[in-house]
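K.L.:
entry-v4.txt is the file, holding compact mmCIF, C-alpha atoms:
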# COMPACT_ATOMS: atom_id res chain seq x y z
CA MET V 1 133.61 140.02 140.38
CA PRO V 2 135.08 142.59 142.80
CA PRO V 3 132.71 144.35 145.18
CA ARG V 4 131.21 147.60 143.98
CA THR V 5 132.78 150.46 145.88
CA SER V 6 131.81 154.09 146.25
CA ARG V 7 133.60 156.74 148.27
CA ALA V 8 131.67 159.43 150.05
CA ALA V 9 133.93 162.36 150.89
CA ALA V 10 133.36 164.27 154.09
CA CYS V 11 130.26 166.34 153.76
CA ALA V 12 130.72 170.05 154.43
CA ALA V 13 127.23 170.81 155.56
CA LEU V 14 126.15 168.25 158.09
CA ALA V 15 122.85 168.43 159.83
CA ALA V 16 122.92 170.75 162.82
CA MET V 17 122.69 167.83 165.19
CA SER V 18 125.91 166.31 163.94
CA SER V 19 127.74 169.46 162.87
CA ALA V 20 130.34 169.17 165.63
CA VAL V 21 131.28 165.65 164.61
CA PRO V 22 133.71 165.16 161.75
CA ALA V 23 132.36 162.95 158.99
CA VAL V 24 135.08 160.55 157.94
CA GLU V 25 135.72 159.06 154.58
CA THR V 26 133.57 155.98 154.30
CA VAL V 27 134.20 153.09 151.96
CA HIS V 28 130.90 151.51 150.99
CA ARG V 29 130.95 148.04 149.45
CA VAL V 30 128.24 145.79 148.11
CA ASP V 31 128.97 142.10 147.85
CA PRO V 32 128.03 141.20 144.26
CA GLU V 33 126.88 137.69 145.22
CA THR V 34 124.88 138.39 148.35
CA ALA V 35 124.01 142.09 147.88
CA ILE V 36 125.11 142.61 151.47
CA HIS V 37 126.34 146.14 152.18
CA SER V 38 129.27 147.12 154.34
CA TRP V 39 130.73 150.44 155.41
CA GLU V 40 134.25 150.96 156.60
CA THR V 41 136.24 153.90 157.82
CA ARG V 42 139.58 154.66 159.38
CA SER V 43 139.83 157.65 161.64
CA GLN V 44 142.95 158.57 163.58
CA ASP V 45 143.58 155.63 165.91
CA VAL V 46 140.76 153.28 164.93
CA SER V 47 139.10 151.55 162.04
CA LEU V 48 135.46 150.57 162.11
CA ARG V 49 133.57 148.31 159.73
CA LEU V 50 129.85 147.57 159.82
CA THR V 51 128.42 144.81 157.64
CA GLN V 52 124.72 144.10 157.31
CA ILE V 53 123.49 140.77 158.65
CA LEU V 54 120.32 139.65 156.90
CA PRO V 55 117.30 138.94 159.12
CA GLY V 56 117.24 135.32 157.96
CA GLN V 57 120.86 134.85 158.99
CA VAL V 58 120.21 136.34 162.42
CA ARG V 59 117.10 134.21 162.86
CA GLY V 60 118.95 131.00 161.96
CA PHE V 61 121.88 131.81 164.18
CA TYR V 62 119.76 132.33 167.30
CA LEU V 63 117.27 129.53 166.63
CA ALA V 64 120.28 127.22 166.62
CA ARG V 65 121.30 128.57 170.03
CA GLY V 66 118.16 127.88 171.99
CA PHE V 67 116.07 130.93 171.19
CA ASP V 68 112.37 130.39 170.57
CA ALA V 69 110.92 131.63 167.30
CA ALA V 70 109.48 134.83 168.78
CA ALA V 71 112.72 135.83 170.49
CA ALA V 72 114.80 135.05 167.39
CA GLU V 73 112.37 137.14 165.39
CA ARG V 74 112.86 140.08 167.76
CA ILE V 75 116.59 140.12 167.10
CA ALA V 76 116.24 139.38 163.40
CA HIS V 77 114.27 142.57 163.02
CA GLY V 78 116.55 144.58 165.30
CA CYS V 79 118.75 145.98 162.49
CA VAL V 80 121.87 143.94 163.16
CA PHE V 81 125.36 144.64 161.87
CA GLN V 82 128.55 142.61 162.13
CA THR V 83 130.91 145.15 163.66
CA VAL V 84 134.70 145.17 163.58
CA LEU V 85 136.66 147.75 165.55
CA ARG V 86 140.46 147.83 165.53
CA ASN V 87 143.00 149.83 167.45
CA GLU V 88 145.24 150.92 164.60
CA SER V 89 147.58 153.10 166.61
CA ALA V 90 151.11 152.07 167.38
CA ARG V 91 151.10 153.21 170.98
CA SER V 92 147.74 154.42 172.29
CA VAL V 93 145.25 152.42 174.26
CA ILE V 94 141.71 153.17 173.19
CA ARG V 95 138.57 152.75 175.29
CA PHE V 96 135.01 152.74 174.11
CA ASN V 97 131.54 152.38 175.53
CA LEU V 98 128.71 151.77 173.09
CA SER V 99 126.37 153.74 175.32
CA ASP V 100 128.24 156.84 174.04
CA TRP V 101 127.47 155.99 170.41
CA ARG V 102 124.45 157.52 168.71
CA VAL V 103 122.16 156.67 165.84
CA ILE V 104 121.38 159.85 163.90
CA LEU V 105 118.11 159.96 162.03
CA PRO V 106 116.44 162.98 160.46
CA GLY V 107 115.40 165.12 163.41
CA GLU V 108 116.23 162.49 165.99
CA THR V 109 119.23 161.10 167.80
CA ARG V 110 118.97 157.87 169.76
CA ALA V 111 121.11 155.30 171.54
CA LEU V 112 121.93 151.84 170.23
CA LYS V 113 120.09 148.88 171.68
CA LEU V 114 122.68 147.32 173.96
CA GLU V 115 123.15 143.98 175.65
CA HIS V 116 121.67 145.26 178.90
CA ASP V 117 118.45 146.25 177.09
CA TRP V 118 118.17 142.89 175.39
CA GLN V 119 118.93 140.90 178.53
CA GLN V 120 116.04 142.62 180.30
CA GLU V 121 113.81 141.45 177.51
CA TRP V 122 115.17 137.91 177.65
CA ALA V 123 114.68 137.72 181.42
CA GLY V 124 110.97 138.40 180.90
CA ARG V 125 110.71 135.72 178.23
CA GLY V 126 112.28 132.96 180.28
CA LEU V 127 115.15 132.22 177.89
CA THR V 128 117.59 129.59 179.06
CA GLU V 129 120.89 130.61 180.59
CA SER V 130 122.81 128.99 177.73
CA ALA V 131 120.82 130.92 175.12
CA ARG V 132 121.41 134.18 177.01
CA SER V 133 125.09 133.36 177.32
CA ALA V 134 125.37 132.71 173.57
CA PHE V 135 123.67 136.03 172.98
CA ARG V 136 126.06 137.84 175.30
CA TRP V 137 129.18 136.50 173.58
CA ALA V 138 127.87 137.03 170.05
CA LEU V 139 127.23 140.71 170.68
CA PHE V 140 129.99 143.27 170.34
CA PRO V 141 131.10 144.08 173.90
CA THR V 142 129.36 147.12 175.34
CA GLU V 143 132.62 148.48 176.67
CA HIS V 144 136.24 147.51 176.30
CA SER V 145 139.76 148.86 176.06
CA TYR V 146 142.06 147.84 173.24
CA GLU V 147 145.81 147.91 173.40
CA PRO V 148 147.69 148.51 170.13
CA GLY V 149 146.94 145.62 167.80
CA ASP V 150 143.79 144.57 169.64
CA TRP V 151 140.54 144.29 167.74
CA ASN V 152 137.25 142.51 167.87
CA MET V 153 134.15 141.53 166.01
CA GLY V 154 130.56 141.11 167.15
CA MET V 155 126.99 142.11 166.49
CA THR V 156 125.65 145.58 167.17
CA THR V 157 121.91 146.27 167.09
CA TYR V 158 120.09 149.50 166.33
CA ALA V 159 116.38 148.80 166.89
CA LEU V 160 115.33 150.31 163.56
CA PRO V 161 112.95 148.96 160.92
CA ALA V 162 114.40 147.01 158.00
CA GLY V 163 115.78 149.27 155.32
CA SER V 164 116.19 152.29 157.63
CA LEU V 165 118.88 154.81 156.68
CA PHE V 166 120.95 156.40 159.42
CA ASP V 167 124.32 157.85 160.36
CA LEU V 168 126.35 156.54 163.26
CA ARG V 169 128.30 158.78 165.61
CA PHE V 170 130.99 156.62 167.16
CA VAL V 171 133.05 157.66 170.11
CA TRP V 172 136.28 156.43 171.66
CA HIS V 173 138.77 157.66 174.19
CA THR V 174 142.53 157.74 174.16
CA ALA V 175 144.60 158.42 177.26
CA HIS V 176 144.21 162.15 176.82
CA ALA V 177 141.24 162.84 174.60
CA LYS V 178 137.71 161.95 173.68
CA ARG V 179 137.36 161.39 169.94
CA GLU V 180 134.37 160.89 167.73
CA ALA V 181 133.51 160.55 164.08
CA LEU V 182 130.47 160.12 161.91
CA LEU V 183 129.90 157.09 159.71
CA LYS V 184 127.34 158.17 157.13
CA GLY V 185 124.70 156.50 155.07
CA LEU V 186 124.23 153.16 156.84
CA ARG V 187 121.21 151.09 155.93
CA CYS V 188 119.60 148.28 157.92
CA ALA V 189 119.33 145.04 155.97
CA ARG V 190 116.02 144.11 154.39
CA GLU V 191 114.44 140.67 154.52
CA GLU V 192 116.03 138.69 151.68
CA MET X 1 124.93 113.63 165.54
CA ARG X 2 121.63 115.25 166.39
CA PRO X 3 120.18 117.54 163.71
CA ILE X 4 120.29 120.61 165.95
CA LYS X 5 124.09 120.40 166.05
CA ASN X 6 124.27 120.46 162.28
CA LEU X 7 121.84 123.33 162.31
CA ALA X 8 124.01 125.23 164.77
CA LEU X 9 127.14 124.82 162.71
CA ALA X 10 125.36 125.49 159.45
CA ALA X 11 123.88 128.67 160.86
CA ALA X 12 127.28 129.81 162.08
CA LEU X 13 129.01 129.05 158.81
CA THR X 14 126.24 130.69 156.81
CA LEU X 15 126.41 133.76 158.97
CA LEU X 16 130.14 134.00 158.64
CA SER X 17 130.39 133.42 154.94
CA ALA X 18 127.39 135.42 153.88
CA THR X 19 128.35 138.50 155.85
CA GLY X 20 131.79 138.43 154.32
CA ALA X 21 133.06 138.45 157.87
CA VAL X 22 136.52 137.29 156.87
CA PRO X 23 136.86 138.64 153.35
CA ALA X 24 139.84 138.00 151.16
CA GLY X 25 142.33 140.78 151.69
CA GLU X 26 141.51 141.15 155.38
CA PRO X 27 144.65 142.57 156.98
CA LEU X 28 146.72 140.21 159.03
CA PRO X 29 146.42 140.98 162.72
CA ALA X 30 149.31 142.85 164.28
CA PRO X 31 151.78 140.55 166.06
CA THR X 32 151.20 142.22 169.39
CA LEU X 33 150.81 140.91 172.91
CA THR X 34 149.93 143.25 175.73
CA PRO X 35 152.18 142.81 178.77
CA LEU X 36 150.36 142.57 182.09
CA PRO X 37 152.93 144.11 184.44
CA GLU X 38 151.19 142.93 187.61
CA ARG X 39 151.26 139.33 186.38
CA PRO X 40 148.01 138.38 188.14
CA ARG X 41 147.43 134.76 189.07
CA ALA X 42 145.36 132.98 186.42
CA PRO X 43 141.99 131.77 187.73
CA GLU X 44 141.86 128.00 188.15
CA PHE X 45 139.42 125.95 186.12
CA SER X 46 138.60 122.30 185.69
CA LEU X 47 137.06 121.41 182.32
CA ARG X 48 136.64 118.39 180.11
CA ASP X 49 138.05 118.33 176.61
CA ALA X 50 136.13 117.27 173.51
CA ASP X 51 137.14 113.63 174.16
CA GLY X 52 135.85 113.72 177.72
CA LYS X 53 139.24 113.96 179.43
CA GLY X 54 139.43 116.30 182.43
CA HIS X 55 141.94 119.16 182.59
CA ARG X 56 142.76 121.35 185.54
CA LEU X 57 144.69 124.45 184.63
CA SER X 58 147.00 123.98 187.62
CA GLN X 59 148.12 120.57 186.33
CA HIS X 60 150.09 122.45 183.67
CA ARG X 61 152.04 124.49 186.23
CA GLY X 62 155.72 124.41 185.25
CA LYS X 63 154.88 124.99 181.59
CA VAL X 64 154.19 128.17 179.66
CA VAL X 65 150.50 128.02 178.71
CA LEU X 66 148.54 129.72 175.95
CA ILE X 67 144.87 129.96 176.93
CA ASN X 68 142.50 130.90 174.13
CA PHE X 69 138.78 131.58 174.71
CA TRP X 70 136.79 131.01 171.53
CA ALA X 71 133.59 129.82 169.85
CA THR X 72 132.91 128.17 166.50
CA TRP X 73 130.64 130.98 165.30
CA CYS X 74 133.28 133.67 165.97
CA PRO X 75 135.07 134.60 162.71
CA PRO X 76 138.40 135.74 164.17
CA CYS X 77 138.44 132.64 166.39
CA ARG X 78 138.00 130.42 163.36
CA ARG X 79 140.61 132.30 161.44
CA GLU X 80 143.33 131.98 164.07
CA MET X 81 142.83 128.26 164.75
CA PRO X 82 145.11 126.98 161.95
CA SER X 83 147.86 129.34 163.14
CA MET X 84 147.41 127.98 166.65
CA GLN X 85 147.96 124.49 165.32
CA ARG X 86 151.11 125.63 163.50
CA ALA X 87 152.41 127.27 166.68
CA TRP X 88 151.58 124.09 168.60
CA ASP X 89 153.56 122.07 166.06
CA ARG X 90 156.54 124.42 166.26
CA LEU X 91 156.65 124.36 170.05
CA LYS X 92 156.23 120.60 170.41
CA GLY X 93 158.75 119.10 172.78
CA GLU X 94 159.18 122.36 174.68
CA ASP X 95 157.68 123.19 178.07
CA PHE X 96 154.57 124.60 176.48
CA MET X 97 150.84 123.85 176.62
CA MET X 98 148.01 125.24 174.54
CA LEU X 99 144.41 125.11 175.80
CA ALA X 100 141.57 126.35 173.61
CA VAL X 101 138.53 126.92 175.80
CA ASN X 102 135.33 126.79 173.78
CA VAL X 103 132.60 128.93 175.31
CA GLY X 104 129.04 127.66 175.46
CA GLU X 105 129.04 124.91 172.83
CA ASP X 106 129.09 121.11 172.92
CA GLU X 107 131.44 118.46 171.61
CA ASP X 108 129.35 117.72 168.51
CA THR X 109 129.54 121.34 167.41
CA VAL X 110 133.27 121.49 168.11
CA PHE X 111 133.93 118.24 166.22
CA ALA X 112 131.88 119.46 163.28
CA PHE X 113 133.80 122.72 163.26
CA SER X 114 137.13 120.93 163.44
CA PHE X 115 136.12 118.72 160.52
CA ALA X 116 134.95 121.73 158.51
CA THR X 117 138.28 123.54 158.89
CA GLY X 118 140.16 120.73 157.15
CA VAL X 119 142.95 121.18 159.68
CA THR X 120 143.71 118.58 162.31
CA LEU X 121 143.62 120.37 165.66
CA ASP X 122 145.51 118.18 168.10
CA PHE X 123 145.93 120.54 171.03
CA PRO X 124 143.34 120.20 173.83
CA ILE X 125 140.01 121.89 173.18
CA LEU X 126 138.14 122.30 176.45
CA LEU X 127 134.41 122.80 176.79
CA ASP X 128 133.12 125.58 179.03
CA ARG X 129 129.48 124.69 178.39
CA ASP X 130 127.93 126.94 181.02
CA SER X 131 130.50 129.78 180.70
CA ALA X 132 131.44 129.30 184.35
CA ALA X 133 135.18 129.27 183.65
CA ILE X 134 135.27 132.31 181.40
CA ARG X 135 133.32 134.38 183.92
CA ALA X 136 136.28 134.18 186.32
CA TRP X 137 138.65 135.57 183.69
CA PRO X 138 139.04 139.19 182.55
CA VAL X 139 137.40 138.52 179.18
CA ARG X 140 134.80 140.72 177.52
CA ALA X 141 134.91 139.46 173.95
CA LEU X 142 135.93 136.43 171.89
CA PRO X 143 138.58 135.59 171.06
CA THR X 144 140.75 136.67 173.96
CA SER X 145 144.00 134.87 174.75
CA PHE X 146 146.46 134.85 177.60
CA ILE X 147 150.03 133.64 177.92
CA LEU X 148 150.82 132.25 181.36
CA ASP X 149 154.31 131.82 182.76
CA ARG X 150 155.53 128.65 184.43
CA GLU X 151 154.08 129.83 187.75
CA GLY X 152 150.57 130.19 186.34
CA ARG X 153 150.61 133.97 186.18
CA MET X 154 149.16 135.98 183.30
CA VAL X 155 152.03 137.64 181.46
CA TYR X 156 150.41 138.71 178.18
CA ARG X 157 146.90 139.31 176.85
CA ALA X 158 145.66 139.49 173.26
CA VAL X 159 142.17 140.73 172.38
CA GLY X 160 141.09 139.62 168.92
CA GLY X 161 142.66 137.07 166.62
CA ARG X 162 146.36 136.67 166.01
CA GLU X 163 148.60 134.68 163.72
CA TRP X 164 150.07 132.61 166.50
CA ASP X 165 152.95 131.23 164.47
CA ASP X 166 154.20 134.73 163.73
CA PRO X 167 157.92 134.72 164.61
CA GLN X 168 157.52 137.72 166.92
CA LEU X 169 154.86 135.96 168.96
CA LEU X 170 156.79 132.68 169.06
CA GLU X 171 159.84 134.60 170.23
CA LYS X 172 157.87 136.05 173.16
CA ILE X 173 156.56 132.64 174.11
CA ARG X 174 160.02 131.06 173.85
CA ALA X 175 161.47 133.83 176.01
CA LEU X 176 159.15 132.65 178.78
CA ILE X 177 159.99 128.99 178.19
CA GLU X 178 163.73 129.65 178.27
CA PRO X 179 164.24 132.84 180.25
Represent the structure contained in this file as C-alpha cells.
P.N.:
Amino acid sequence: MPPRTSRAAACAALAAMSSAVPAVETVHRVDPETAIHSWETRSQDVSLRLTQILPGQVRGFYLARGFDAAAAERIAHGCVFQTVLRNESARSVIRFNLSDWRVILPGETRALKLEHDWQQEWAGRGLTESARSAFRWALFPTEHSYEPGDWNMGMTTYALPAGSLFDLRFVWHTAHAKREALLKGLRCAREE
Amino acid sequence: MRPIKNLALAAALTLLSATGAVPAGEPLPAPTLTPLPERPRAPEFSLRDADGKGHRLSQHRGKVVLINFWATWCPPCRREMPSMQRAWDRLKGEDFMMLAVNVGEDEDTVFAFSFATGVTLDFPILLDRDSAAIRAWPVRALPTSFILDREGRMVYRAVGGREWDDPQLLEKIRALIEP
C-alpha cells in the first residue's frame, strides 16, 4: 500500500511570530505499516525531510550503545526525528547551524536541543566515552557546510512532550544570502 | 557472539527500517566530489581491520586511496557499501586502495552487518573504536569520504553517501591513478 500523502499549501496568514518566514509546500506522509509520519519540503537550494523516530526505537538504539536505562529514557522522550538535509543546488555551497533553527509553538519560540546541551547532561551522568561518541555521531551535525551534491542524515531533538505539534523554522546560508523557511505541522512521535 | 552485539545490530536495523530511512524511490545521490584546491596532507592513522591486521595509512602511499568514515547504524553508509564493493571490483589491479573506517563499533558488529547486507565486502574495513582517528580528520558527519592522491594528499571530499561505481566518480578516481 503506498503511503498516505497530503499536501499543505503555503498558508497566507501565519502567526505573527512566523509571518516573516515563508511557509513552504510540505509533503506529509504516513507509513501505512508503521504509522510513522514524515514531512518533506524542497525550498530553493535545499530539501529537508524529518521522520519521526518512535521512543522505543530510540531507547533500543542507545541501550545498545552503552547508555543506561535512565539516560536512554531521556533521549527517547526528547522528541527525536531522523533528519535528512540535501544541498540541491547545482553550484551554491550552503552552510547551516542548528542553533539558528527554531521550534515554533503557540505563543512561544524556542531553540532545538543540540548536541552541546545533551553532552552537558551526559557529563553529569558519567556516561562512558564510547557511549558519548556514539551519541555525537548519531546526531545530525550542529553545523556544517554542504557543497553541491552533499547531504546527510542524523537525529535532531526538540525537547517536547510526545505528541506535541509544532512548526520548524529552518535557516541556511548561501554565499550571499541568509535563507529560511517554515516546515509546518510537525508532530513528535508517541509511545507505540 | 555476545548478545549485546546482536542487540546493537538489531537496534540499528530496526531503527533504519522502521523509520523508513532509506525508502524505495529515494533519489540517487548526485555523482559529485568536492575538489580541495589546497590538497591538505591526510592525517596519518594506524588501525586494525576486522580480521586484526594492522594498517597504517602511509603504507598505501603511491596509490590513490578512497577513505570512507562510516558506521553500521548510519543509513546512507549502509546504502553506499555495495557500490563501494562494485567500485573496488572495477578498480582491482590498478594503483588504488579503499579503506572503510568504521567509527566506534567492534568487529562483531561489523561482521554481523556485513553478513546482513548479503554482499561480500572484501576491501579493508578498519576499526576506529575510540574515534581517535576520525577526530584528526575534517569530518562532522557520517558518512564522509575522501580521495587521496598518490602523495597522500586530500584531493576530493564527499559528504553523504554516493554511488561509488558511478562512471563519473570512477573517471575522477582513474584520472588520479593515471594522470
K.L.:
Please, what distance in Å, to one decimal, runs between atom CA of Ser164 of chain V and atom CA of Val103 of chain V?
P.N.:
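For atom CA of Ser164 of chain V relative to atom CA of Val103 of chain V, the distance reads 11.1 Å.
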K.L.:
Using all atoms listed in the file, which residue out of V:Glu88, V:Asp45, V:Glu180, V:Asp100 lies closest to Thr142 of chain V?
P.N.:
V:Asp100
K.L.:
Give me the chain V side of the contact with chain X, cut-off 10 Å, one line per residue showing its nearest atom pair and distance in Å at one decimal, counting all atoms listed in the file, sorted by chain and residue number, as CSV.
P.N.:
residue,atom,partner,partner_atom,distance
V:Asp31,CA,X:Gly20,CA,8.0
V:Glu33,CA,X:Ala18,CA,9.0
V:Thr34,CA,X:Ala18,CA,6.8
V:Ala35,CA,X:Ala18,CA,9.6
V:Ile36,CA,X:Thr19,CA,6.8
V:His37,CA,X:Thr19,CA,8.7
V:Ser38,CA,X:Thr19,CA,8.8
V:Leu50,CA,X:Ala21,CA,9.9
V:Thr51,CA,X:Thr19,CA,6.6
V:Gln52,CA,X:Thr19,CA,6.8
V:Ile53,CA,X:Thr19,CA,6.1
V:Leu54,CA,X:Thr19,CA,8.2
V:Gly56,CA,X:Leu15,CA,9.4
V:Gln57,CA,X:Leu15,CA,5.7
V:Val58,CA,X:Leu15,CA,7.5
V:Arg59,CA,X:Ala11,CA,9.0
V:Gly60,CA,X:Ala11,CA,5.6
V:Phe61,CA,X:Ala11,CA,5.0
V:Tyr62,CA,X:Ala11,CA,8.5
V:Leu63,CA,X:Ala8,CA,8.2
V:Ala64,CA,X:Ala8,CA,4.6
V:Arg65,CA,X:Ala8,CA,6.8
V:Gly66,CA,X:Ala8,CA,9.7
V:Phe81,CA,X:Thr19,CA,9.1
V:Gln82,CA,X:Ala21,CA,7.5
V:Thr83,CA,X:Ala21,CA,9.1
V:Val84,CA,X:Ala21,CA,9.0
V:Leu85,CA,X:Gly160,CA,9.9
V:Arg86,CA,X:Gly160,CA,8.9
V:Asn87,CA,X:Ala30,CA,9.9
V:Glu88,CA,X:Ala30,CA,9.0
V:Ala90,CA,X:Ala30,CA,9.9
V:Glu129,CA,X:Asp130,CA,8.0
V:Ser130,CA,X:Asp130,CA,6.4
V:Ala131,CA,X:Gly104,CA,8.8
V:Ser133,CA,X:Gly104,CA,7.2
V:Ala134,CA,X:Gly104,CA,6.5
V:Arg136,CA,X:Ala141,CA,9.1
V:Trp137,CA,X:Ala141,CA,6.5
V:Ala138,CA,X:Cys74,CA,7.6
V:Leu139,CA,X:Ala141,CA,8.4
V:Phe140,CA,X:Ala141,CA,7.2
V:Pro141,CA,X:Ala141,CA,6.0
V:Thr142,CA,X:Arg140,CA,8.7
V:Glu143,CA,X:Arg140,CA,8.1
V:His144,CA,X:Arg140,CA,7.0
V:Ser145,CA,X:Val159,CA,9.2
V:Tyr146,CA,X:Val159,CA,7.2
V:Glu147,CA,X:Thr34,CA,6.6
V:Pro148,CA,X:Thr32,CA,7.2
V:Gly149,CA,X:Ala30,CA,5.1
V:Asp150,CA,X:Val159,CA,5.0
V:Trp151,CA,X:Gly160,CA,4.8
V:Asn152,CA,X:Gly160,CA,4.9
V:Met153,CA,X:Pro76,CA,7.4
V:Gly154,CA,X:Cys74,CA,8.0
K.L.:
List the spatial neighbours of Arg56 of chain X as a list in words - criterion: any atom at most 8 Å away, all atoms listed in the file, same-chain residues fewer than 2 positions off excluded.
P.N.:
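What passes the distance filter is Glu44, Phe45, Ser46, Leu47, Gly54, Ser58, Gln59 and His60 of chain X.
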K.L.:
Quick one: distance from atom CA of Glu171 of chain X to atom CA of Met154 of chain X in Å, one decimal?
P.N.:
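Pair atom CA of Glu171 of chain X / atom CA of Met154 of chain X returns 16.9 Å.
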K.L.:
Residues within 10 Å of Phe96 of chain X, please, as a PyMOL selection string. Count all atoms listed in the file; anything in the same chain fewer than 6 positions from it doesn't count.
P.N.:
chain X and resi 60+62-66+88+148-150+173-174+176-177
K.L.:
Nearest to Gly107 of chain V: which of V:Ser43, V:Asp68, V:Phe166, V:Thr26 is it, counting all atoms listed in the file?
P.N.:
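Smallest separation from Gly107 of chain V among the options: V:Phe166.
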